[in-house]
file structure.tsv (TSV, N, CA and C atoms)
chain	number	residue	atom	x	y	z
Q	1	MET	N	17.84	-2.72	-2.05
Q	1	MET	CA	17.53	-1.34	-2.18
Q	1	MET	C	18.52	-0.55	-1.34
Q	2	GLN	N	18.74	0.71	-1.71
Q	2	GLN	CA	19.75	1.51	-1.04
Q	2	GLN	C	19.12	2.75	-0.41
Q	3	ALA	N	19.45	2.98	0.87
Q	3	ALA	CA	18.95	4.14	1.61
Q	3	ALA	C	19.75	5.39	1.25
Q	4	PRO	N	19.23	6.58	1.56
Q	4	PRO	CA	19.94	7.81	1.26
Q	4	PRO	C	21.35	7.88	1.87
Q	5	ASP	N	21.55	7.22	3.02
Q	5	ASP	CA	22.88	7.23	3.65
Q	5	ASP	C	23.83	6.21	3.04
Q	6	GLY	N	23.37	5.47	2.03
Q	6	GLY	CA	24.21	4.50	1.35
Q	6	GLY	C	24.00	3.06	1.81
Q	7	THR	N	23.39	2.87	2.97
Q	7	THR	CA	23.16	1.52	3.47
Q	7	THR	C	22.31	0.73	2.49
Q	8	ILE	N	22.71	-0.51	2.25
Q	8	ILE	CA	21.97	-1.40	1.36
Q	8	ILE	C	21.15	-2.35	2.23
Q	9	TYR	N	19.88	-2.54	1.87
Q	9	TYR	CA	19.01	-3.47	2.58
Q	9	TYR	C	18.64	-4.63	1.67
Q	10	LEU	N	18.82	-5.83	2.18
Q	10	LEU	CA	18.42	-7.05	1.48
Q	10	LEU	C	17.43	-7.79	2.36
Q	11	VAL	N	16.41	-8.39	1.76
Q	11	VAL	CA	15.41	-9.14	2.51
Q	11	VAL	C	15.25	-10.52	1.88
Q	12	SER	N	15.29	-11.55	2.72
Q	12	SER	CA	15.12	-12.92	2.23
Q	12	SER	C	13.64	-13.26	2.12
Q	13	LEU	N	13.35	-14.36	1.43
Q	13	LEU	CA	11.96	-14.83	1.31
Q	13	LEU	C	11.35	-15.09	2.68
Q	14	GLY	N	12.19	-15.48	3.64
Q	14	GLY	CA	11.71	-15.79	4.99
Q	14	GLY	C	11.63	-14.60	5.92
Q	15	GLY	N	11.95	-13.39	5.42
Q	15	GLY	CA	11.80	-12.19	6.24
Q	15	GLY	C	13.04	-11.76	7.00
Q	16	CYS	N	14.22	-12.29	6.68
Q	16	CYS	CA	15.46	-11.84	7.32
Q	16	CYS	C	15.90	-10.55	6.63
Q	17	VAL	N	16.08	-9.48	7.40
Q	17	VAL	CA	16.48	-8.18	6.87
Q	17	VAL	C	17.94	-7.96	7.21
Q	18	LEU	N	18.76	-7.74	6.17
Q	18	LEU	CA	20.18	-7.47	6.35
Q	18	LEU	C	20.47	-6.04	5.94
Q	19	SER	N	21.22	-5.31	6.77
Q	19	SER	CA	21.71	-4.00	6.37
Q	19	SER	C	23.21	-4.15	6.10
Q	20	ILE	N	23.65	-3.60	4.97
Q	20	ILE	CA	25.01	-3.83	4.50
Q	20	ILE	C	25.71	-2.49	4.27
Q	21	ASP	N	26.94	-2.39	4.74
Q	21	ASP	CA	27.79	-1.23	4.47
Q	21	ASP	C	28.36	-1.42	3.07
Q	22	PRO	N	28.02	-0.54	2.11
Q	22	PRO	CA	28.45	-0.74	0.73
Q	22	PRO	C	29.95	-0.51	0.50
Q	23	VAL	N	30.60	0.21	1.40
Q	23	VAL	CA	32.04	0.45	1.25
Q	23	VAL	C	32.83	-0.74	1.78
Q	24	ALA	N	32.54	-1.14	3.02
Q	24	ALA	CA	33.25	-2.26	3.63
Q	24	ALA	C	32.73	-3.61	3.14
Q	25	MET	N	31.53	-3.60	2.52
Q	25	MET	CA	30.88	-4.83	2.06
Q	25	MET	C	30.72	-5.83	3.21
Q	26	THR	N	30.24	-5.31	4.34
Q	26	THR	CA	30.00	-6.15	5.51
Q	26	THR	C	28.57	-5.95	6.00
Q	27	VAL	N	28.04	-6.95	6.66
Q	27	VAL	CA	26.71	-6.87	7.25
Q	27	VAL	C	26.82	-6.05	8.53
Q	28	ILE	N	26.07	-4.96	8.59
Q	28	ILE	CA	26.05	-4.08	9.76
Q	28	ILE	C	25.10	-4.64	10.81
Q	29	ASN	N	23.97	-5.14	10.34
Q	29	ASN	CA	22.92	-5.59	11.25
Q	29	ASN	C	22.03	-6.59	10.53
Q	30	ALA	N	21.38	-7.42	11.31
Q	30	ALA	CA	20.41	-8.37	10.75
Q	30	ALA	C	19.30	-8.57	11.78
Q	31	PHE	N	18.07	-8.65	11.29
Q	31	PHE	CA	16.94	-8.98	12.15
Q	31	PHE	C	15.87	-9.66	11.32
Q	32	ARG	N	14.92	-10.30	11.99
Q	32	ARG	CA	13.84	-11.01	11.31
Q	32	ARG	C	12.51	-10.33	11.53
Q	33	GLU	N	11.72	-10.34	10.48
Q	33	GLU	CA	10.30	-9.99	10.56
Q	33	GLU	C	9.59	-11.16	9.94
Q	34	ASP	N	9.21	-12.10	10.80
Q	34	ASP	CA	8.62	-13.34	10.31
Q	34	ASP	C	7.31	-13.11	9.57
Q	35	PRO	N	7.20	-13.66	8.36
Q	35	PRO	CA	5.91	-13.60	7.65
Q	35	PRO	C	4.86	-14.42	8.41
Q	36	PRO	N	3.59	-14.30	8.04
Q	36	PRO	CA	2.56	-15.13	8.69
Q	36	PRO	C	2.91	-16.61	8.54
Q	37	GLN	N	2.37	-17.44	9.41
Q	37	GLN	CA	2.62	-18.87	9.38
Q	37	GLN	C	2.51	-19.42	7.96
Q	38	GLY	N	3.58	-20.02	7.47
Q	38	GLY	CA	3.58	-20.60	6.14
Q	38	GLY	C	3.75	-19.58	5.02
Q	39	GLY	N	3.93	-18.31	5.35
Q	39	GLY	CA	4.03	-17.26	4.34
Q	39	GLY	C	5.47	-16.95	3.96
Q	40	ARG	N	5.60	-16.08	2.96
Q	40	ARG	CA	6.90	-15.63	2.47
Q	40	ARG	C	6.83	-14.16	2.08
Q	41	VAL	N	8.01	-13.60	1.83
Q	41	VAL	CA	8.11	-12.26	1.26
Q	41	VAL	C	8.29	-12.44	-0.24
Q	42	PRO	N	7.26	-12.16	-1.03
Q	42	PRO	CA	7.36	-12.36	-2.47
Q	42	PRO	C	8.34	-11.38	-3.12
Q	43	TYR	N	8.84	-11.79	-4.27
Q	43	TYR	CA	9.69	-10.93	-5.08
Q	43	TYR	C	8.94	-9.63	-5.39
Q	44	ASN	N	9.63	-8.52	-5.39
Q	44	ASN	CA	9.07	-7.18	-5.66
Q	44	ASN	C	8.26	-6.61	-4.50
Q	45	MET	N	8.20	-7.27	-3.37
Q	45	MET	CA	7.35	-6.77	-2.29
Q	45	MET	C	8.17	-6.21	-1.12
Q	46	VAL	N	9.17	-5.40	-1.46
Q	46	VAL	CA	9.97	-4.69	-0.47
Q	46	VAL	C	10.18	-3.28	-1.00
Q	47	ALA	N	9.96	-2.30	-0.14
Q	47	ALA	CA	10.19	-0.90	-0.51
Q	47	ALA	C	10.78	-0.18	0.70
Q	48	LEU	N	11.46	0.92	0.42
Q	48	LEU	CA	12.09	1.73	1.45
Q	48	LEU	C	11.50	3.14	1.37
Q	49	SER	N	11.25	3.74	2.52
Q	49	SER	CA	10.74	5.12	2.51
Q	49	SER	C	11.82	6.04	1.94
Q	50	PRO	N	11.43	7.17	1.37
Q	50	PRO	CA	12.42	8.09	0.80
Q	50	PRO	C	13.47	8.55	1.82
Q	51	ALA	N	13.10	8.66	3.08
Q	51	ALA	CA	14.04	9.07	4.12
Q	51	ALA	C	14.95	7.92	4.56
Q	52	GLY	N	14.58	6.69	4.19
Q	52	GLY	CA	15.37	5.52	4.57
Q	52	GLY	C	15.16	5.06	5.99
Q	53	ASP	N	14.07	5.51	6.63
Q	53	ASP	CA	13.83	5.14	8.02
Q	53	ASP	C	12.79	4.04	8.19
Q	54	ARG	N	12.04	3.74	7.14
Q	54	ARG	CA	11.01	2.70	7.21
Q	54	ARG	C	11.16	1.73	6.05
Q	55	LEU	N	10.94	0.48	6.37
Q	55	LEU	CA	10.97	-0.58	5.37
Q	55	LEU	C	9.55	-1.12	5.23
Q	56	PHE	N	9.11	-1.30	4.01
Q	56	PHE	CA	7.79	-1.84	3.74
Q	56	PHE	C	8.00	-3.26	3.22
Q	57	LEU	N	7.45	-4.22	3.94
Q	57	LEU	CA	7.71	-5.62	3.67
Q	57	LEU	C	6.40	-6.34	3.41
Q	58	GLY	N	6.20	-6.77	2.16
Q	58	GLY	CA	4.99	-7.51	1.81
Q	58	GLY	C	5.10	-8.96	2.26
Q	59	ALA	N	4.00	-9.56	2.58
Q	59	ALA	CA	3.97	-10.97	2.95
Q	59	ALA	C	2.80	-11.64	2.23
Q	60	GLY	N	3.05	-12.85	1.76
Q	60	GLY	CA	2.02	-13.57	1.01
Q	60	GLY	C	1.90	-15.01	1.45
Q	61	PRO	N	1.12	-15.79	0.69
Q	61	PRO	CA	0.79	-17.16	1.07
Q	61	PRO	C	1.97	-18.12	1.14
Q	62	GLY	N	3.04	-17.86	0.40
Q	62	GLY	CA	4.23	-18.67	0.56
Q	62	GLY	C	4.38	-19.89	-0.31
Q	63	LEU	N	3.64	-20.01	-1.38
Q	63	LEU	CA	3.75	-21.21	-2.21
Q	63	LEU	C	4.99	-21.18	-3.09
Q	64	SER	N	5.43	-20.01	-3.53
Q	64	SER	CA	6.65	-19.86	-4.32
Q	64	SER	C	7.14	-18.44	-4.21
Q	65	SER	N	8.32	-18.15	-4.76
Q	65	SER	CA	8.85	-16.79	-4.70
Q	65	SER	C	8.07	-15.83	-5.58
Q	66	ASP	N	7.21	-16.35	-6.45
Q	66	ASP	CA	6.41	-15.51	-7.34
Q	66	ASP	C	5.02	-15.19	-6.78
Q	67	ASP	N	4.77	-15.58	-5.53
Q	67	ASP	CA	3.46	-15.33	-4.94
Q	67	ASP	C	3.18	-13.85	-4.79
Q	68	PHE	N	1.94	-13.54	-4.64
Q	68	PHE	CA	1.50	-12.19	-4.38
Q	68	PHE	C	1.45	-11.96	-2.88
Q	69	ALA	N	1.29	-10.70	-2.47
Q	69	ALA	CA	1.20	-10.36	-1.05
Q	69	ALA	C	-0.24	-10.10	-0.66
Q	70	SER	N	-0.52	-10.32	0.60
Q	70	SER	CA	-1.85	-10.02	1.13
Q	70	SER	C	-1.77	-8.99	2.26
Q	71	GLU	N	-0.55	-8.62	2.66
Q	71	GLU	CA	-0.37	-7.58	3.66
Q	71	GLU	C	1.01	-6.94	3.49
Q	72	VAL	N	1.12	-5.71	3.96
Q	72	VAL	CA	2.40	-5.00	3.96
Q	72	VAL	C	2.69	-4.58	5.39
Q	73	ARG	N	3.86	-4.97	5.87
Q	73	ARG	CA	4.28	-4.59	7.22
Q	73	ARG	C	5.18	-3.37	7.13
Q	74	VAL	N	4.91	-2.38	7.97
Q	74	VAL	CA	5.71	-1.17	8.02
Q	74	VAL	C	6.68	-1.33	9.20
Q	75	ILE	N	7.98	-1.32	8.89
Q	75	ILE	CA	9.02	-1.59	9.88
Q	75	ILE	C	9.84	-0.33	10.13
Q	76	ASP	N	10.01	0.05	11.40
Q	76	ASP	CA	10.90	1.13	11.78
Q	76	ASP	C	12.31	0.55	11.81
Q	77	LEU	N	13.19	1.03	10.94
Q	77	LEU	CA	14.53	0.45	10.85
Q	77	LEU	C	15.41	0.78	12.04
Q	78	LYS	N	15.16	1.88	12.71
Q	78	LYS	CA	15.97	2.24	13.88
Q	78	LYS	C	15.70	1.28	15.04
Q	79	THR	N	14.42	1.00	15.30
Q	79	THR	CA	14.06	0.12	16.42
Q	79	THR	C	13.88	-1.33	15.99
Q	80	GLN	N	13.88	-1.57	14.68
Q	80	GLN	CA	13.66	-2.90	14.10
Q	80	GLN	C	12.34	-3.50	14.57
Q	81	SER	N	11.33	-2.66	14.67
Q	81	SER	CA	10.02	-3.12	15.13
Q	81	SER	C	8.94	-2.73	14.14
Q	82	ARG	N	7.87	-3.51	14.14
Q	82	ARG	CA	6.75	-3.25	13.26
Q	82	ARG	C	5.92	-2.09	13.79
Q	83	ILE	N	5.67	-1.11	12.93
Q	83	ILE	CA	4.85	0.03	13.28
Q	83	ILE	C	3.39	-0.29	13.03
Q	84	SER	N	3.13	-0.93	11.88
Q	84	SER	CA	1.75	-1.26	11.51
Q	84	SER	C	1.75	-2.34	10.44
Q	85	THR	N	0.56	-2.85	10.16
Q	85	THR	CA	0.35	-3.80	9.07
Q	85	THR	C	-0.79	-3.24	8.23
Q	86	ILE	N	-0.52	-3.14	6.93
Q	86	ILE	CA	-1.52	-2.61	5.99
Q	86	ILE	C	-2.04	-3.78	5.15
Q	87	PRO	N	-3.34	-4.10	5.25
Q	87	PRO	CA	-3.88	-5.15	4.40
Q	87	PRO	C	-3.94	-4.68	2.95
Q	88	VAL	N	-3.61	-5.56	2.03
Q	88	VAL	CA	-3.69	-5.26	0.60
Q	88	VAL	C	-4.43	-6.40	-0.08
Q	89	ASP	N	-4.90	-6.15	-1.30
Q	89	ASP	CA	-5.61	-7.19	-2.03
Q	89	ASP	C	-4.70	-8.39	-2.24
Q	90	GLN	N	-5.25	-9.58	-2.23
Q	90	GLN	CA	-4.51	-10.84	-2.29
Q	90	GLN	C	-3.57	-10.93	-3.48
Q	91	ASP	N	-3.90	-10.30	-4.59
Q	91	ASP	CA	-3.06	-10.44	-5.78
Q	91	ASP	C	-2.10	-9.26	-5.99
Q	92	THR	N	-1.70	-8.59	-4.90
Q	92	THR	CA	-0.76	-7.48	-4.99
Q	92	THR	C	0.62	-8.01	-5.35
Q	93	TRP	N	1.22	-7.38	-6.36
Q	93	TRP	CA	2.46	-7.89	-6.92
Q	93	TRP	C	3.66	-6.98	-6.73
Q	94	SER	N	3.43	-5.67	-6.60
Q	94	SER	CA	4.54	-4.74	-6.51
Q	94	SER	C	4.11	-3.54	-5.69
Q	95	MET	N	5.11	-2.79	-5.13
Q	95	MET	CA	4.77	-1.61	-4.34
Q	95	MET	C	5.89	-0.59	-4.38
Q	96	ALA	N	5.52	0.65	-4.05
Q	96	ALA	CA	6.47	1.76	-3.96
Q	96	ALA	C	5.84	2.82	-3.07
Q	97	THR	N	6.67	3.77	-2.61
Q	97	THR	CA	6.16	4.86	-1.80
Q	97	THR	C	6.20	6.16	-2.59
Q	98	SER	N	5.39	7.12	-2.14
Q	98	SER	CA	5.39	8.44	-2.76
Q	98	SER	C	6.69	9.16	-2.39
Q	99	PRO	N	7.06	10.21	-3.14
Q	99	PRO	CA	8.30	10.94	-2.84
Q	99	PRO	C	8.36	11.51	-1.43
Q	100	ASP	N	7.21	11.84	-0.84
Q	100	ASP	CA	7.22	12.37	0.53
Q	100	ASP	C	7.04	11.27	1.59
Q	101	GLY	N	6.88	10.03	1.16
Q	101	GLY	CA	6.78	8.91	2.09
Q	101	GLY	C	5.45	8.76	2.79
Q	102	SER	N	4.42	9.45	2.33
Q	102	SER	CA	3.12	9.39	3.02
Q	102	SER	C	2.14	8.41	2.38
Q	103	VAL	N	2.42	7.97	1.15
Q	103	VAL	CA	1.49	7.10	0.43
Q	103	VAL	C	2.21	5.84	-0.03
Q	104	LEU	N	1.56	4.70	0.15
Q	104	LEU	CA	2.05	3.42	-0.35
Q	104	LEU	C	1.22	3.07	-1.58
Q	105	TYR	N	1.90	2.84	-2.69
Q	105	TYR	CA	1.24	2.42	-3.92
Q	105	TYR	C	1.44	0.92	-4.09
Q	106	THR	N	0.36	0.21	-4.37
Q	106	THR	CA	0.46	-1.23	-4.63
Q	106	THR	C	-0.18	-1.53	-5.98
Q	107	ALA	N	0.43	-2.46	-6.70
Q	107	ALA	CA	-0.06	-2.79	-8.05
Q	107	ALA	C	-0.51	-4.23	-8.11
Q	108	ARG	N	-1.58	-4.43	-8.89
Q	108	ARG	CA	-2.12	-5.78	-9.10
Q	108	ARG	C	-2.24	-5.98	-10.61
Q	109	PRO	N	-1.33	-6.76	-11.20
Q	109	PRO	CA	-1.32	-6.92	-12.65
Q	109	PRO	C	-2.52	-7.67	-13.20
Q	110	GLU	N	-3.08	-8.57	-12.44
Q	110	GLU	CA	-4.22	-9.36	-12.92
Q	110	GLU	C	-5.41	-8.48	-13.26
Q	111	SER	N	-5.56	-7.39	-12.50
Q	111	SER	CA	-6.70	-6.49	-12.74
Q	111	SER	C	-6.26	-5.12	-13.25
Q	112	ASP	N	-4.96	-4.97	-13.57
Q	112	ASP	CA	-4.42	-3.69	-14.03
Q	112	ASP	C	-4.83	-2.56	-13.09
Q	113	THR	N	-4.62	-2.77	-11.78
Q	113	THR	CA	-5.06	-1.82	-10.77
Q	113	THR	C	-3.88	-1.30	-9.96
Q	114	LEU	N	-3.89	0.00	-9.69
Q	114	LEU	CA	-2.93	0.64	-8.79
Q	114	LEU	C	-3.73	1.23	-7.64
Q	115	THR	N	-3.35	0.89	-6.41
Q	115	THR	CA	-4.06	1.38	-5.23
Q	115	THR	C	-3.12	2.27	-4.43
Q	116	ALA	N	-3.65	3.40	-3.94
Q	116	ALA	CA	-2.90	4.31	-3.08
Q	116	ALA	C	-3.45	4.21	-1.67
Q	117	THR	N	-2.57	4.03	-0.70
Q	117	THR	CA	-2.97	3.89	0.70
Q	117	THR	C	-2.20	4.89	1.55
Q	118	ASP	N	-2.91	5.63	2.41
Q	118	ASP	CA	-2.27	6.53	3.34
Q	118	ASP	C	-1.51	5.67	4.36
Q	119	ILE	N	-0.21	5.85	4.47
Q	119	ILE	CA	0.61	4.99	5.32
Q	119	ILE	C	0.27	5.16	6.80
Q	120	GLU	N	-0.01	6.38	7.24
Q	120	GLU	CA	-0.31	6.62	8.66
Q	120	GLU	C	-1.63	6.00	9.09
Q	121	THR	N	-2.66	6.08	8.26
Q	121	THR	CA	-3.98	5.59	8.66
Q	121	THR	C	-4.30	4.20	8.13
Q	122	GLY	N	-3.59	3.77	7.07
Q	122	GLY	CA	-3.88	2.48	6.45
Q	122	GLY	C	-5.12	2.50	5.56
Q	123	GLN	N	-5.66	3.70	5.33
Q	123	GLN	CA	-6.88	3.84	4.52
Q	123	GLN	C	-6.53	4.09	3.06
Q	124	GLN	N	-7.30	3.46	2.15
Q	124	GLN	CA	-7.12	3.72	0.72
Q	124	GLN	C	-7.58	5.14	0.42
Q	125	ILE	N	-6.84	5.80	-0.48
Q	125	ILE	CA	-7.19	7.18	-0.85
Q	125	ILE	C	-7.39	7.27	-2.34

call {"tool": "encode", "arguments": {"input": "structure.tsv", "output": "C-alpha coordinates"}}
result
Amino acid sequence: MQAPDGTIYLVSLGGCVLSIDPVAMTVINAFREDPPQGGRVPYNMVALSPAGDRLFLGAGPGLSSDDFASEVRVIDLKTQSRISTIPVDQDTWSMATSPDGSVLYTARPESDTLTATDIETGQQI
(Lines of atoms letter the chains of each structure in order from A and count residues from 1; the text may use other names and numbers.)
(Lines give C-alpha, C1' and ligand atoms only; values in the text may rest on other atoms or scores of the structure.)
Protein backbone atom coordinates (compact mmCIF):
# COMPACT_ATOMS: atom_id res chain seq x y z
CA MET A 1 0.00 0.00 0.00
CA GLN A 2 1.16 3.54 -0.66
CA ALA A 3 1.01 6.50 1.74
CA PRO A 4 0.13 10.05 0.60
CA ASP A 5 3.84 10.99 0.69
CA GLY A 6 4.61 8.17 -1.75
CA THR A 7 6.17 5.76 0.75
CA ILE A 8 5.25 2.15 0.03
CA TYR A 9 4.55 -0.19 2.95
CA LEU A 10 4.89 -3.97 2.68
CA VAL A 11 4.05 -6.39 5.49
CA SER A 12 5.15 -10.02 5.69
CA LEU A 13 3.05 -12.89 7.05
CA GLY A 14 5.27 -12.79 10.14
CA GLY A 15 4.63 -9.09 10.83
CA CYS A 16 7.79 -7.47 9.39
CA VAL A 17 6.88 -3.97 8.18
CA LEU A 18 9.05 -2.47 5.43
CA SER A 19 8.83 1.13 4.27
CA ILE A 20 10.17 1.64 0.75
CA ASP A 21 11.20 4.77 -1.17
CA PRO A 22 9.43 4.31 -4.53
CA VAL A 23 11.90 6.52 -6.42
CA ALA A 24 15.16 5.04 -5.14
CA MET A 25 13.54 1.59 -4.73
CA THR A 26 15.31 1.14 -1.40
CA VAL A 27 14.13 0.09 2.05
CA ILE A 28 13.94 3.19 4.24
CA ASN A 29 13.04 1.40 7.44
CA ALA A 30 11.99 -1.97 8.79
CA PHE A 31 10.45 -3.06 12.07
CA ARG A 32 8.48 -6.00 13.47
CA GLU A 33 5.06 -6.22 15.01
CA ASP A 34 4.98 -9.83 16.07
CA PRO A 35 1.61 -11.56 15.69
CA PRO A 36 0.31 -13.56 18.67
CA GLN A 37 2.19 -16.79 19.41
CA GLY A 38 1.77 -19.05 16.39
CA GLY A 39 -0.18 -16.38 14.49
CA ARG A 40 0.27 -14.65 11.15
CA VAL A 41 -0.81 -11.57 9.23
CA PRO A 42 -3.39 -12.94 6.79
CA TYR A 43 -3.66 -11.75 3.21
CA ASN A 44 -5.90 -8.64 2.89
CA MET A 45 -5.46 -7.76 6.57
CA VAL A 46 -3.34 -4.61 6.24
CA ALA A 47 -4.67 -1.09 5.83
CA LEU A 48 -3.21 2.41 6.01
CA SER A 49 -4.93 5.47 7.46
CA PRO A 50 -5.78 8.15 4.89
CA ALA A 51 -3.14 10.45 6.42
CA GLY A 52 -0.53 7.67 6.17
CA ASP A 53 0.39 7.90 9.85
CA ARG A 54 -1.20 4.67 11.13
CA LEU A 55 -0.97 1.11 9.92
CA PHE A 56 -3.73 -1.37 10.70
CA LEU A 57 -2.35 -4.89 10.94
CA GLY A 58 -4.66 -7.88 11.29
CA ALA A 59 -3.44 -11.02 13.04
CA GLY A 60 -4.93 -14.48 12.90
CA PRO A 61 -4.42 -18.09 13.94
CA GLY A 62 -1.58 -18.71 11.50
CA LEU A 63 -2.48 -21.97 9.80
CA SER A 64 -2.03 -20.57 6.27
CA SER A 65 -1.80 -17.26 4.41
CA ASP A 66 -5.56 -17.49 3.78
CA ASP A 67 -6.48 -17.43 7.46
CA PHE A 68 -8.83 -14.90 8.91
CA ALA A 69 -7.92 -12.35 11.58
CA SER A 70 -9.10 -12.22 15.16
CA GLU A 71 -7.56 -8.85 16.06
CA VAL A 72 -6.35 -5.66 14.41
CA ARG A 73 -3.33 -3.83 15.77
CA VAL A 74 -3.15 -0.07 15.29
CA ILE A 75 0.48 0.96 14.73
CA ASP A 76 1.86 4.52 14.87
CA LEU A 77 4.29 4.59 11.93
CA LYS A 78 6.33 7.49 13.30
CA THR A 79 7.14 5.77 16.60
CA GLN A 80 6.74 2.22 15.23
CA SER A 81 4.71 1.33 18.30
CA ARG A 82 1.31 -0.20 18.88
CA ILE A 83 -1.35 2.32 19.86
CA SER A 84 -4.11 -0.21 20.48
CA THR A 85 -5.51 -3.62 19.61
CA ILE A 86 -9.05 -3.92 18.28
CA PRO A 87 -10.69 -7.35 18.66
CA VAL A 88 -12.60 -8.49 15.58
CA ASP A 89 -14.72 -11.54 14.83
CA GLN A 90 -12.63 -14.67 14.18
CA ASP A 91 -13.65 -14.92 10.53
CA THR A 92 -12.67 -11.35 9.53
CA TRP A 93 -11.20 -11.43 6.05
CA SER A 94 -10.66 -7.85 4.89
CA MET A 95 -10.51 -4.29 6.23
CA ALA A 96 -10.35 -0.63 5.26
CA THR A 97 -10.59 2.76 6.94
CA SER A 98 -13.07 5.57 6.44
CA PRO A 99 -11.94 8.62 4.41
CA ASP A 100 -11.43 10.62 7.62
CA GLY A 101 -9.55 7.77 9.34
CA SER A 102 -11.93 7.50 12.30
CA VAL A 103 -13.67 4.21 11.44
CA LEU A 104 -12.26 0.75 10.71
CA TYR A 105 -14.44 -1.41 8.49
CA THR A 106 -13.99 -5.18 8.66
CA ALA A 107 -15.66 -7.74 6.40
CA ARG A 108 -16.60 -11.34 7.05
CA PRO A 109 -17.53 -13.20 3.85
CA GLU A 110 -18.87 -16.29 5.59
CA SER A 111 -21.71 -14.28 7.09
CA ASP A 112 -21.83 -11.45 4.49
CA THR A 113 -21.23 -8.97 7.31
CA LEU A 114 -19.52 -5.57 7.38
CA THR A 115 -18.67 -4.17 10.81
CA ALA A 116 -17.76 -0.54 11.58
CA THR A 117 -15.57 0.14 14.62
CA ASP A 118 -14.61 3.52 16.08
CA ILE A 119 -10.80 3.45 15.94
CA GLU A 120 -10.26 5.66 19.02
CA THR A 121 -12.57 3.73 21.36
CA GLY A 122 -12.51 0.26 19.77
CA GLN A 123 -16.32 0.15 20.04
CA GLN A 124 -18.55 -1.12 17.22
CA ILE A 125 -20.81 1.59 15.81

call {"tool": "atom_distance", "arguments": {"input": "structure.tsv", "atom1": "atom CA of Q:Asp100", "atom2": "atom CA of Q:Asp5"}}
result
16.8 Å

call {"tool": "atom_distance", "arguments": {"input": "structure.tsv", "atom1": "atom CA of Q:Thr113", "atom2": "atom N of Q:Ser84"}}
result
24.1 Å

call {"tool": "residues_around", "arguments": {"input": "structure.tsv", "residues": "Q:Ile28", "least_positions_apart": "3", "cutoff": "10 Å", "atoms": "only C-alpha atoms", "output": "ChimeraX atom specification"}}
result
/Q:7-8,18-22,24-25

call {"tool": "axis_aligned_box", "arguments": {"input": "structure.tsv", "around": "stretch 34-53 of chain Q", "padding_each_side": "6 Å", "output": "JSON"}}
result
{"center_x": 8.9, "center_y": -5.8, "center_z": 2.6, "size_x": 25.0, "size_y": 41.7, "size_z": 28.5}

call {"tool": "atom_distance", "arguments": {"input": "structure.tsv", "atom1": "atom CA of Q:Arg82", "atom2": "atom CA of Q:Val46"}}
result
14.2 Å

call {"tool": "residues_around", "arguments": {"input": "structure.tsv", "residues": "stretch 88-94 of chain Q", "least_positions_apart": "6", "cutoff": "6 Å", "atoms": "only N, CA and C atoms", "output": "VMD selection string"}}
result
chain Q and resid 44 to 45 68 to 72 105 to 109

call {"tool": "residues_near_point", "arguments": {"input": "structure.tsv", "point": "(6.6, -15.6, 0.1)", "cutoff": "12 Å", "atoms": "only C-alpha atoms", "output": "VMD selection string"}}
result
chain Q and resid 11 to 15 34 to 46 57 to 71 93

call {"tool": "select_by_dssp", "arguments": {"input": "structure.tsv", "residues": "chain Q", "states": "strand (DSSP E)", "output": "number ranges by chain"}}
result
Q: 8-11, 16-21, 26-32, 46-48, 54-59, 69-76, 81-92, 94-97, 103-108, 113-118

call {"tool": "closest_residue", "arguments": {"input": "structure.tsv", "among": "Q:Thr97, Q:Ser81, Q:Ile86, Q:Tyr9", "to": "Q:Thr26", "atoms": "only C-alpha atoms"}}
result
Q:Tyr9

call {"tool": "closest_residue", "arguments": {"input": "structure.tsv", "among": "Q:Gly6, Q:Pro87, Q:Pro50, Q:Gly101", "to": "Q:Gln124", "atoms": "only C-alpha atoms"}}
result
Q:Pro87
